[in-house]
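Worksheet for the structure shown next.
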Amino acid sequence: MTEPLVLGIETSCDETGVGIVRGTTLLVDAIASSVDEHARFGGVVPEVASRAHLEAMIPTIRRACEQAGVALTDLDGIAVTAGPGLAGALMVGVASAKALALSLGLPIYGVNHLASHVAVDIVEHGPLPEPTMALLVSGGHSSLLLVPDITQDVRPLGATIDDAAGEAFDKVARVLGLPFPGGPHIDRAAREGSIVIDFPRGLTGGRDLERHRFDFSFSGLKTAVSRWVQAREASGEPVPVADVAASFQEAVVDVLTRKAIDACRTHGAEHLQIGGGVAANSRLRAMAAARCEAAGIELRVPRPGLCTDNGAMVAALGAQLMAKGRSASRLDLPADSSMPVTAVTA
Ligand code: KG4
Ligand code: ZN
């Protein structure tokens with residue numbers, strides 16, 4: 001099938017996403033988010049997220065179909081995030097997808113959330129070059145992946161050994177008194193500030209670099225920011241929030257781009273794709289563009305709305321799987337909260 005019409009469902013965290021893709025064309029990306037319900041807790045509460053998915057699922061599917069002018073009976077297949085993610089939240093999406101597949105008599109594709117973050121760029125910039133180097137940076141993950149074929153072969157080169165990049169943004173935002181999720185607030189605050197504090201760059205020198213060349217560590221940076229802010233508060237002087245935000249952001253972005261380009265060079269990849277919520281960061285996009293250009297690497301980053309969790313990415317990967325004739329998942333596929341990144345489908 002060359003241009004399969006696929007509906008994708010994403011519920012791994014706090015976004016209920018329903019996207020519809022025809023081949024490599026995005027028809028609709030409908031989202032309902034429970035982020036406001038989690039804000040007062042400073043992080044996503046799994047039970048609250050699961051209930052919100054349950055309430056939002058049918059209205060979001062309806063809205064997606066209406067906006068795309070697609071009837072459920074027009075679909076060729078259903079794709080759903082099978083993992084990794086929050087177990088209860090994933091279960092809502094997987095159960096909904098099974099109900100649709102069973103009642104419509106359609107194949108179901110349980111897909112990997114991380115592979116979907118990579119695949120979404122197909123609807124923005126066309127087929128993925130093979131191989132592509134992917135830097136995935138979200139609230140739950142920071143990984144460098146070599147992707148020879150997004151439908152079946154994803155090779156992890158490195159990952160965070162402690163906090164994910166987005167998690168570091170969220171925790172530092174909290175230290176600075178900015179709301180959750182912190183990434184967009186730090187991004188905004190940083191534009192008003194200057195890079196004046198030299199915060200540490202984890203795993204970038206000496207033995208650490210040798211042993212963890214393509215891994216990341218952000219917990220030391222987070223602690224350094226906390227200590228700096230505490231010392232400033234103890235001195236009675238005001239905390240320069242914008243400068244701290246800019247300096248912290250620079251440290252994260254410097255490490256991410258440096259390691260991503262090193263990985264491209266080492267593995268002969270001429271294309272770097274950045275995905276995940278942190279790829280919405282304006283400084284990351286700018287620094288990656290400059291460093292890729294200097295290194296002769298082609299950079300691909302989807303628009304910010306497709307970097308954060310959404311249903312379009314799941315539909316995009318589902319459509320690729322169908323177009324390449326990959327086998328569908330079994331109808332009893334499980335939601336797998338710790339699905340390994342090497343498993344593209346469940
Ligand atoms: O991919 P995503 O929507 O959900 C996960 O799978 O985790 O990523 C959410 C993360 C949050 O930690 C959020 O603070 C971060 O992405 N984020 C950003 C920006 N927008 C979202 N981080 C830095 N700068 C941004 N502009
Ligand atoms: Zn994600």
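How things are named: the first chain in the structure tokens is A, the next is B, and so on; residues count from 1 in each chain; ligands count from 1 in the order shown.
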
For this session: Using only C-alpha atoms, determine which residues lie at most 10 Å from Gly126 of chain A, disregarding the query and same-chain residues fewer than 6 positions distant; provide the list as an MDAnalysis selection string.
Result: chainID A and resid 24:25 119:120

If you take only C-alpha atoms and all ligand atoms and a cut-off of 10 Å, which residues of chain A touch ligand 1, and what are their nearest atom pairs and distances in Å to one decimal, in chain and number order, as JSON lines?
```
{"residue": "A:Thr11", "atom": "CA", "partner": "ligand 1", "partner_atom_place_in_ligand_line": "6 (O)", "distance": 9.8}
{"residue": "A:Ser12", "atom": "CA", "partner": "ligand 1", "partner_atom_place_in_ligand_line": "6 (O)", "distance": 7.3}
{"residue": "A:Cys13", "atom": "CA", "partner": "ligand 1", "partner_atom_place_in_ligand_line": "6 (O)", "distance": 6.5}
{"residue": "A:Asp14", "atom": "CA", "partner": "ligand 1", "partner_atom_place_in_ligand_line": "4 (O)", "distance": 7.9}
{"residue": "A:Glu15", "atom": "CA", "partner": "ligand 1", "partner_atom_place_in_ligand_line": "3 (O)", "distance": 7.8}
{"residue": "A:Gly43", "atom": "CA", "partner": "ligand 1", "partner_atom_place_in_ligand_line": "12 (O)", "distance": 9.2}
{"residue": "A:Val44", "atom": "CA", "partner": "ligand 1", "partner_atom_place_in_ligand_line": "7 (O)", "distance": 9.9}
{"residue": "A:Pro84", "atom": "CA", "partner": "ligand 1", "partner_atom_place_in_ligand_line": "6 (O)", "distance": 9.1}
{"residue": "A:Gly85", "atom": "CA", "partner": "ligand 1", "partner_atom_place_in_ligand_line": "6 (O)", "distance": 7.7}
{"residue": "A:His113", "atom": "CA", "partner": "ligand 1", "partner_atom_place_in_ligand_line": "6 (O)", "distance": 7.8}
{"residue": "A:Leu114", "atom": "CA", "partner": "ligand 1", "partner_atom_place_in_ligand_line": "6 (O)", "distance": 8.1}
{"residue": "A:His117", "atom": "CA", "partner": "ligand 1", "partner_atom_place_in_ligand_line": "1 (O)", "distance": 7.7}
{"residue": "A:Leu136", "atom": "CA", "partner": "ligand 1", "partner_atom_place_in_ligand_line": "1 (O)", "distance": 8.5}
{"residue": "A:Val137", "atom": "CA", "partner": "ligand 1", "partner_atom_place_in_ligand_line": "1 (O)", "distance": 7.1}
{"residue": "A:Ser138", "atom": "CA", "partner": "ligand 1", "partner_atom_place_in_ligand_line": "8 (O)", "distance": 3.9}
{"residue": "A:Gly139", "atom": "CA", "partner": "ligand 1", "partner_atom_place_in_ligand_line": "7 (O)", "distance": 3.2}
{"residue": "A:Gly140", "atom": "CA", "partner": "ligand 1", "partner_atom_place_in_ligand_line": "7 (O)", "distance": 4.4}
{"residue": "A:His141", "atom": "CA", "partner": "ligand 1", "partner_atom_place_in_ligand_line": "7 (O)", "distance": 6.7}
{"residue": "A:Ser142", "atom": "CA", "partner": "ligand 1", "partner_atom_place_in_ligand_line": "7 (O)", "distance": 9.5}
{"residue": "A:Ala164", "atom": "CA", "partner": "ligand 1", "partner_atom_place_in_ligand_line": "12 (O)", "distance": 8.0}
{"residue": "A:Ala165", "atom": "CA", "partner": "ligand 1", "partner_atom_place_in_ligand_line": "12 (O)", "distance": 7.1}
{"residue": "A:Gly166", "atom": "CA", "partner": "ligand 1", "partner_atom_place_in_ligand_line": "12 (O)", "distance": 3.3}
{"residue": "A:Glu167", "atom": "CA", "partner": "ligand 1", "partner_atom_place_in_ligand_line": "12 (O)", "distance": 4.9}
{"residue": "A:Ala168", "atom": "CA", "partner": "ligand 1", "partner_atom_place_in_ligand_line": "12 (O)", "distance": 7.4}
{"residue": "A:Phe169", "atom": "CA", "partner": "ligand 1", "partner_atom_place_in_ligand_line": "14 (O)", "distance": 5.6}
{"residue": "A:Asp170", "atom": "CA", "partner": "ligand 1", "partner_atom_place_in_ligand_line": "14 (O)", "distance": 5.2}
{"residue": "A:Lys171", "atom": "CA", "partner": "ligand 1", "partner_atom_place_in_ligand_line": "12 (O)", "distance": 8.8}
{"residue": "A:Val172", "atom": "CA", "partner": "ligand 1", "partner_atom_place_in_ligand_line": "14 (O)", "distance": 10.0}
{"residue": "A:Ala173", "atom": "CA", "partner": "ligand 1", "partner_atom_place_in_ligand_line": "14 (O)", "distance": 8.7}
{"residue": "A:Pro179", "atom": "CA", "partner": "ligand 1", "partner_atom_place_in_ligand_line": "14 (O)", "distance": 9.8}
{"residue": "A:Phe180", "atom": "CA", "partner": "ligand 1", "partner_atom_place_in_ligand_line": "14 (O)", "distance": 7.2}
{"residue": "A:Pro181", "atom": "CA", "partner": "ligand 1", "partner_atom_place_in_ligand_line": "14 (O)", "distance": 4.5}
{"residue": "A:Gly182", "atom": "CA", "partner": "ligand 1", "partner_atom_place_in_ligand_line": "14 (O)", "distance": 4.6}
{"residue": "A:Gly183", "atom": "CA", "partner": "ligand 1", "partner_atom_place_in_ligand_line": "22 (N)", "distance": 3.3}
{"residue": "A:Pro184", "atom": "CA", "partner": "ligand 1", "partner_atom_place_in_ligand_line": "26 (N)", "distance": 3.9}
{"residue": "A:His185", "atom": "CA", "partner": "ligand 1", "partner_atom_place_in_ligand_line": "26 (N)", "distance": 7.3}
{"residue": "A:Ile186", "atom": "CA", "partner": "ligand 1", "partner_atom_place_in_ligand_line": "24 (N)", "distance": 6.7}
{"residue": "A:Asp187", "atom": "CA", "partner": "ligand 1", "partner_atom_place_in_ligand_line": "24 (N)", "distance": 5.1}
{"residue": "A:Arg188", "atom": "CA", "partner": "ligand 1", "partner_atom_place_in_ligand_line": "26 (N)", "distance": 7.7}
{"residue": "A:Gln249", "atom": "CA", "partner": "ligand 1", "partner_atom_place_in_ligand_line": "23 (C)", "distance": 8.1}
{"residue": "A:Val252", "atom": "CA", "partner": "ligand 1", "partner_atom_place_in_ligand_line": "23 (C)", "distance": 9.6}
{"residue": "A:Val253", "atom": "CA", "partner": "ligand 1", "partner_atom_place_in_ligand_line": "23 (C)", "distance": 9.5}
{"residue": "A:Gly275", "atom": "CA", "partner": "ligand 1", "partner_atom_place_in_ligand_line": "1 (O)", "distance": 7.7}
{"residue": "A:Gly276", "atom": "CA", "partner": "ligand 1", "partner_atom_place_in_ligand_line": "1 (O)", "distance": 4.0}
{"residue": "A:Gly277", "atom": "CA", "partner": "ligand 1", "partner_atom_place_in_ligand_line": "8 (O)", "distance": 3.3}
{"residue": "A:Val278", "atom": "CA", "partner": "ligand 1", "partner_atom_place_in_ligand_line": "22 (N)", "distance": 3.8}
{"residue": "A:Ala279", "atom": "CA", "partner": "ligand 1", "partner_atom_place_in_ligand_line": "19 (C)", "distance": 6.8}
{"residue": "A:Ala280", "atom": "CA", "partner": "ligand 1", "partner_atom_place_in_ligand_line": "26 (N)", "distance": 4.5}
{"residue": "A:Asn281", "atom": "CA", "partner": "ligand 1", "partner_atom_place_in_ligand_line": "26 (N)", "distance": 3.5}
{"residue": "A:Ser282", "atom": "CA", "partner": "ligand 1", "partner_atom_place_in_ligand_line": "26 (N)", "distance": 6.2}
{"residue": "A:Arg283", "atom": "CA", "partner": "ligand 1", "partner_atom_place_in_ligand_line": "24 (N)", "distance": 8.1}
{"residue": "A:Leu284", "atom": "CA", "partner": "ligand 1", "partner_atom_place_in_ligand_line": "24 (N)", "distance": 8.0}
{"residue": "A:Arg285", "atom": "CA", "partner": "ligand 1", "partner_atom_place_in_ligand_line": "26 (N)", "distance": 9.7}
{"residue": "A:Pro304", "atom": "CA", "partner": "ligand 1", "partner_atom_place_in_ligand_line": "20 (N)", "distance": 7.8}
{"residue": "A:Gly305", "atom": "CA", "partner": "ligand 1", "partner_atom_place_in_ligand_line": "3 (O)", "distance": 9.1}
{"residue": "A:Leu306", "atom": "CA", "partner": "ligand 1", "partner_atom_place_in_ligand_line": "3 (O)", "distance": 8.9}
{"residue": "A:Cys307", "atom": "CA", "partner": "ligand 1", "partner_atom_place_in_ligand_line": "1 (O)", "distance": 6.3}
{"residue": "A:Thr308", "atom": "CA", "partner": "ligand 1", "partner_atom_place_in_ligand_line": "3 (O)", "distance": 3.4}
{"residue": "A:Asp309", "atom": "CA", "partner": "ligand 1", "partner_atom_place_in_ligand_line": "3 (O)", "distance": 4.1}
{"residue": "A:Asn310", "atom": "CA", "partner": "ligand 1", "partner_atom_place_in_ligand_line": "3 (O)", "distance": 7.7}
```

Exercise. Pro156 of chain A: which residues within 7 Å, counting only C-alpha atoms, same-chain residues fewer than 5 positions away excluded, as a list in words?
Worked result: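 Near Pro156 of chain A, the qualifying residues are Leu144, Leu145 and Leu146 of chain A.
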
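Secondary structure from DSSP on the backbone puts strand (DSSP E) at the following positions of segment 53-137 of chain A: A:Gly77, A:Ile78, A:Ala79, A:Val80, A:Thr81, A:Ala82, A:Gly83, A:Ile108, A:Tyr109, A:Gly110, A:Val111, A:Asn112, A:Thr132, A:Met133, A:Ala134, A:Leu135, A:Leu136, A:Val137.
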
Could you save the residues just selected, with C-alpha atoms, as a PDB file, in the first residue's frame?
```pdb
ATOM      1  CA  GLY A  77      -4.864   1.029   9.819  1.00  0.00           C
ATOM      2  CA  ILE A  78      -4.583   2.078  13.467  1.00  0.00           C
ATOM      3  CA  ALA A  79      -1.279   2.900  15.186  1.00  0.00           C
ATOM      4  CA  VAL A  80      -0.810   3.417  18.902  1.00  0.00           C
ATOM      5  CA  THR A  81       2.044   4.109  21.301  1.00  0.00           C
ATOM      6  CA  ALA A  82       2.734   0.769  23.017  1.00  0.00           C
ATOM      7  CA  GLY A  83       5.596   2.182  25.148  1.00  0.00           C
ATOM      8  CA  ILE A 108      -3.124  -2.457  14.535  1.00  0.00           C
ATOM      9  CA  TYR A 109       0.488  -1.301  14.899  1.00  0.00           C
ATOM     10  CA  GLY A 110       1.791  -0.907  18.460  1.00  0.00           C
ATOM     11  CA  VAL A 111       4.742   1.477  18.055  1.00  0.00           C
ATOM     12  CA  ASN A 112       7.646   2.783  20.097  1.00  0.00           C
ATOM     13  CA  THR A 132      19.870   9.339  10.105  1.00  0.00           C
ATOM     14  CA  MET A 133      21.393  10.296  13.439  1.00  0.00           C
ATOM     15  CA  ALA A 134      18.624  11.189  15.877  1.00  0.00           C
ATOM     16  CA  LEU A 135      19.010  13.230  19.037  1.00  0.00           C
ATOM     17  CA  LEU A 136      15.916  12.632  21.149  1.00  0.00           C
ATOM     18  CA  VAL A 137      15.464  15.006  24.022  1.00  0.00           C
TER      19      VAL A 137
END
```

Exercise. Got a sec: who's within 7 Å of Phe216 of chain A, counting only C-alpha atoms, leaving out chain neighbours fewer than 2 positions off, as an NGL selection string?
Worked result: :A and (159-161 or 202-203 or 214 or 218)

Write out as a PDB file with N, CA and C atoms, in the first residue's frame the residues lying within 12 Å of Ile150 of chain A, counting only C-alpha atoms and excluding same-chain residues fewer than 5 positions away.
```pdb
ATOM      1  N   VAL A 111       3.437   0.911  18.429  1.00  0.00           N
ATOM      2  CA  VAL A 111       4.742   1.477  18.055  1.00  0.00           C
ATOM      3  C   VAL A 111       5.470   2.069  19.256  1.00  0.00           C
ATOM      4  N   ASN A 112       6.776   2.232  19.064  1.00  0.00           N
ATOM      5  CA  ASN A 112       7.646   2.783  20.097  1.00  0.00           C
ATOM      6  C   ASN A 112       7.561   4.316  20.096  1.00  0.00           C
ATOM      7  N   LEU A 114       9.649   6.521  21.137  1.00  0.00           N
ATOM      8  CA  LEU A 114      10.881   7.208  20.727  1.00  0.00           C
ATOM      9  C   LEU A 114      11.048   7.162  19.204  1.00  0.00           C
ATOM     10  N   ALA A 115      10.755   6.005  18.628  1.00  0.00           N
ATOM     11  CA  ALA A 115      10.834   5.896  17.162  1.00  0.00           C
ATOM     12  C   ALA A 115       9.831   6.857  16.515  1.00  0.00           C
ATOM     13  N   SER A 116       8.674   7.032  17.158  1.00  0.00           N
ATOM     14  CA  SER A 116       7.672   7.962  16.608  1.00  0.00           C
ATOM     15  C   SER A 116       8.179   9.402  16.622  1.00  0.00           C
ATOM     16  N   HIS A 117       8.910   9.767  17.700  1.00  0.00           N
ATOM     17  CA  HIS A 117       9.469  11.126  17.758  1.00  0.00           C
ATOM     18  C   HIS A 117      10.405  11.361  16.569  1.00  0.00           C
ATOM     19  N   VAL A 118      11.081  10.305  16.119  1.00  0.00           N
ATOM     20  CA  VAL A 118      11.973  10.433  14.957  1.00  0.00           C
ATOM     21  C   VAL A 118      11.140  10.475  13.664  1.00  0.00           C
ATOM     22  N   ALA A 119      10.152   9.574  13.585  1.00  0.00           N
ATOM     23  CA  ALA A 119       9.384   9.410  12.339  1.00  0.00           C
ATOM     24  C   ALA A 119       8.554  10.638  11.983  1.00  0.00           C
ATOM     25  N   VAL A 120       8.182  11.449  12.986  1.00  0.00           N
ATOM     26  CA  VAL A 120       7.279  12.569  12.709  1.00  0.00           C
ATOM     27  C   VAL A 120       7.867  13.539  11.688  1.00  0.00           C
ATOM     28  N   ASP A 121       9.185  13.581  11.617  1.00  0.00           N
ATOM     29  CA  ASP A 121       9.790  14.542  10.688  1.00  0.00           C
ATOM     30  C   ASP A 121       9.501  14.202   9.227  1.00  0.00           C
ATOM     31  N   ILE A 122       9.073  12.978   8.981  1.00  0.00           N
ATOM     32  CA  ILE A 122       8.732  12.570   7.604  1.00  0.00           C
ATOM     33  C   ILE A 122       7.576  13.413   7.069  1.00  0.00           C
ATOM     34  N   PRO A 127      10.848  11.791   3.364  1.00  0.00           N
ATOM     35  CA  PRO A 127      11.449  10.541   3.826  1.00  0.00           C
ATOM     36  C   PRO A 127      12.762  10.754   4.572  1.00  0.00           C
ATOM     37  N   LEU A 128      12.999   9.938   5.592  1.00  0.00           N
ATOM     38  CA  LEU A 128      14.223  10.066   6.383  1.00  0.00           C
ATOM     39  C   LEU A 128      15.412   9.544   5.576  1.00  0.00           C
ATOM     40  N   PRO A 129      16.506  10.309   5.540  1.00  0.00           N
ATOM     41  CA  PRO A 129      17.716   9.778   4.918  1.00  0.00           C
ATOM     42  C   PRO A 129      18.184   8.550   5.709  1.00  0.00           C
ATOM     43  N   GLU A 130      18.786   7.584   5.024  1.00  0.00           N
ATOM     44  CA  GLU A 130      19.245   6.372   5.709  1.00  0.00           C
ATOM     45  C   GLU A 130      20.753   6.251   5.557  1.00  0.00           C
ATOM     46  N   PRO A 131      21.539   6.297   6.642  1.00  0.00           N
ATOM     47  CA  PRO A 131      21.050   6.414   8.007  1.00  0.00           C
ATOM     48  C   PRO A 131      20.851   7.870   8.427  1.00  0.00           C
ATOM     49  N   THR A 132      20.032   8.042   9.454  1.00  0.00           N
ATOM     50  CA  THR A 132      19.870   9.339  10.105  1.00  0.00           C
ATOM     51  C   THR A 132      20.390   9.205  11.524  1.00  0.00           C
ATOM     52  N   MET A 133      21.056  10.254  12.012  1.00  0.00           N
ATOM     53  CA  MET A 133      21.393  10.296  13.439  1.00  0.00           C
ATOM     54  C   MET A 133      20.262  11.059  14.100  1.00  0.00           C
ATOM     55  N   ALA A 134      19.716  10.502  15.191  1.00  0.00           N
ATOM     56  CA  ALA A 134      18.624  11.189  15.877  1.00  0.00           C
ATOM     57  C   ALA A 134      19.032  11.532  17.306  1.00  0.00           C
ATOM     58  N   LEU A 145      20.520   8.169  18.762  1.00  0.00           N
ATOM     59  CA  LEU A 145      20.147   6.936  18.074  1.00  0.00           C
ATOM     60  C   LEU A 145      20.646   6.974  16.640  1.00  0.00           C
ATOM     61  N   ARG A 155      19.336   1.972  16.473  1.00  0.00           N
ATOM     62  CA  ARG A 155      20.463   1.542  17.315  1.00  0.00           C
ATOM     63  C   ARG A 155      20.858   2.620  18.319  1.00  0.00           C
ATOM     64  N   ALA A 316       2.375   8.862  11.701  1.00  0.00           N
ATOM     65  CA  ALA A 316       3.446   8.939  10.694  1.00  0.00           C
ATOM     66  C   ALA A 316       4.239   7.634  10.662  1.00  0.00           C
ATOM     67  N   LEU A 317       4.561   7.109  11.851  1.00  0.00           N
ATOM     68  CA  LEU A 317       5.318   5.846  11.895  1.00  0.00           C
ATOM     69  C   LEU A 317       4.438   4.685  11.420  1.00  0.00           C
ATOM     70  N   GLY A 318       3.165   4.696  11.837  1.00  0.00           N
ATOM     71  CA  GLY A 318       2.246   3.640  11.387  1.00  0.00           C
ATOM     72  C   GLY A 318       2.149   3.597   9.871  1.00  0.00           C
ATOM     73  N   ALA A 319       2.071   4.777   9.251  1.00  0.00           N
ATOM     74  CA  ALA A 319       1.945   4.837   7.783  1.00  0.00           C
ATOM     75  C   ALA A 319       3.207   4.300   7.107  1.00  0.00           C
ATOM     76  N   GLN A 320       4.381   4.580   7.715  1.00  0.00           N
ATOM     77  CA  GLN A 320       5.637   4.036   7.171  1.00  0.00           C
ATOM     78  C   GLN A 320       5.640   2.513   7.255  1.00  0.00           C
ATOM     79  N   LEU A 321       5.204   1.985   8.396  1.00  0.00           N
ATOM     80  CA  LEU A 321       5.189   0.526   8.599  1.00  0.00           C
ATOM     81  C   LEU A 321       4.287  -0.137   7.566  1.00  0.00           C
ATOM     82  N   LYS A 324       5.744   0.066   4.011  1.00  0.00           N
ATOM     83  CA  LYS A 324       6.854  -0.876   3.780  1.00  0.00           C
ATOM     84  C   LYS A 324       6.429  -2.323   3.962  1.00  0.00           C
ATOM     85  N   ARG A 326       5.456  -3.909   6.637  1.00  0.00           N
ATOM     86  CA  ARG A 326       5.852  -4.579   7.897  1.00  0.00           C
ATOM     87  C   ARG A 326       4.634  -5.227   8.536  1.00  0.00           C
ATOM     88  N   VAL A 341      14.201   0.831  23.196  1.00  0.00           N
ATOM     89  CA  VAL A 341      14.197   1.677  22.007  1.00  0.00           C
ATOM     90  C   VAL A 341      14.498   0.873  20.740  1.00  0.00           C
ATOM     91  N   THR A 342      15.132  -0.273  20.891  1.00  0.00           N
ATOM     92  CA  THR A 342      15.454  -1.112  19.728  1.00  0.00           C
ATOM     93  C   THR A 342      14.211  -1.793  19.154  1.00  0.00           C
ATOM     94  N   ALA A 343      13.123  -1.859  19.941  1.00  0.00           N
ATOM     95  CA  ALA A 343      11.884  -2.461  19.446  1.00  0.00           C
ATOM     96  C   ALA A 343      11.028  -1.368  18.824  1.00  0.00           C
ATOM     97  N   VAL A 344      10.964  -1.317  17.506  1.00  0.00           N
ATOM     98  CA  VAL A 344      10.179  -0.265  16.843  1.00  0.00           C
ATOM     99  C   VAL A 344       8.688  -0.561  16.994  1.00  0.00           C
ATOM    100  N   THR A 345       8.338  -1.853  16.935  1.00  0.00           N
ATOM    101  CA  THR A 345       6.923  -2.231  17.076  1.00  0.00           C
ATOM    102  C   THR A 345       6.756  -3.271  18.180  1.00  0.00           C
TER     103      THR A 345
END
```

For this session: Determine which residues of segment 24-58 of chain A receive a DSSP assignment of helix (DSSP H, G or I), computed from the backbone, and state them as an MDAnalysis selection string.
Result: chainID A and resid 35:39 46:58

For this session: Please measure the separation of atom CA of Asp262 of chain A and atom CA of Pro200 of chain A, giving the value in Å to one decimal.
Result: 19.0 Å

Exercise. Looking at only C-alpha atoms and all ligand atoms, which of A:Glu3, A:Glu237, A:Glu10, A:Glu124 is the one that sits closest to ligand 2?
Worked result: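 Under the stated criterion, the closest residue is A:Glu10.
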
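The shortest atom-to-atom distance to ligand 2, with only C-alpha atoms and all ligand atoms taken into account, belongs to A:Val314 out of A:Cys292, A:Val314, A:Ile261, A:Ile195.
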
For this session: Find, counting only C-alpha atoms, the residue in A:Val21, A:Ile197, A:Ala328, A:Val225 that gets nearest to Ala346 of chain A.
Result: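 Answer, going by the shortest atom-to-atom distance: A:Ala328.
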
For this session: Within 12 Å of Gly177 of chain A, counting only C-alpha atoms, which residues show up once you throw out same-chain ones fewer than 6 positions away? Write them as a list in words, please.
Result: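 Neighbouring residues, sequence-local ones excluded: Gly42, Asp170, Lys171, His185, Ile186, Ala189, Ser226, Val229, Val239, Pro240, Val241, Ala242, Val244 and Ala245 of chain A.
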
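What separates atom CA of Ala39 of chain A from atom CA of Gly88 of chain A is a distance of 19.3 Å.
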
Exercise. So, counting only C-alpha atoms and all ligand atoms, which residue among A:Ile58, A:Leu86, A:Thr151, A:Leu102 is closest to ligand 2?
Worked result: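 Residue with the minimum atom-to-atom distance to ligand 2: A:Leu86.
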
Seminar exercise, completed: Of A:Glu293, A:Glu210, A:Asp215, A:Asp198, the one sitting nearest Gly158 of chain A when using only C-alpha atoms is A:Asp215

Seminar exercise, completed: As a check of understanding: the span from atom CA of Leu176 of chain A to atom CA of Gly220 of chain A is 16.6 Å

Problem set entry | Long-range neighbours of Asp332 of chain A as a VMD selection string, 10 Å cut-off, only C-alpha atoms, 4 positions minimum in chain | chain A and resid 94 to 95 98 108
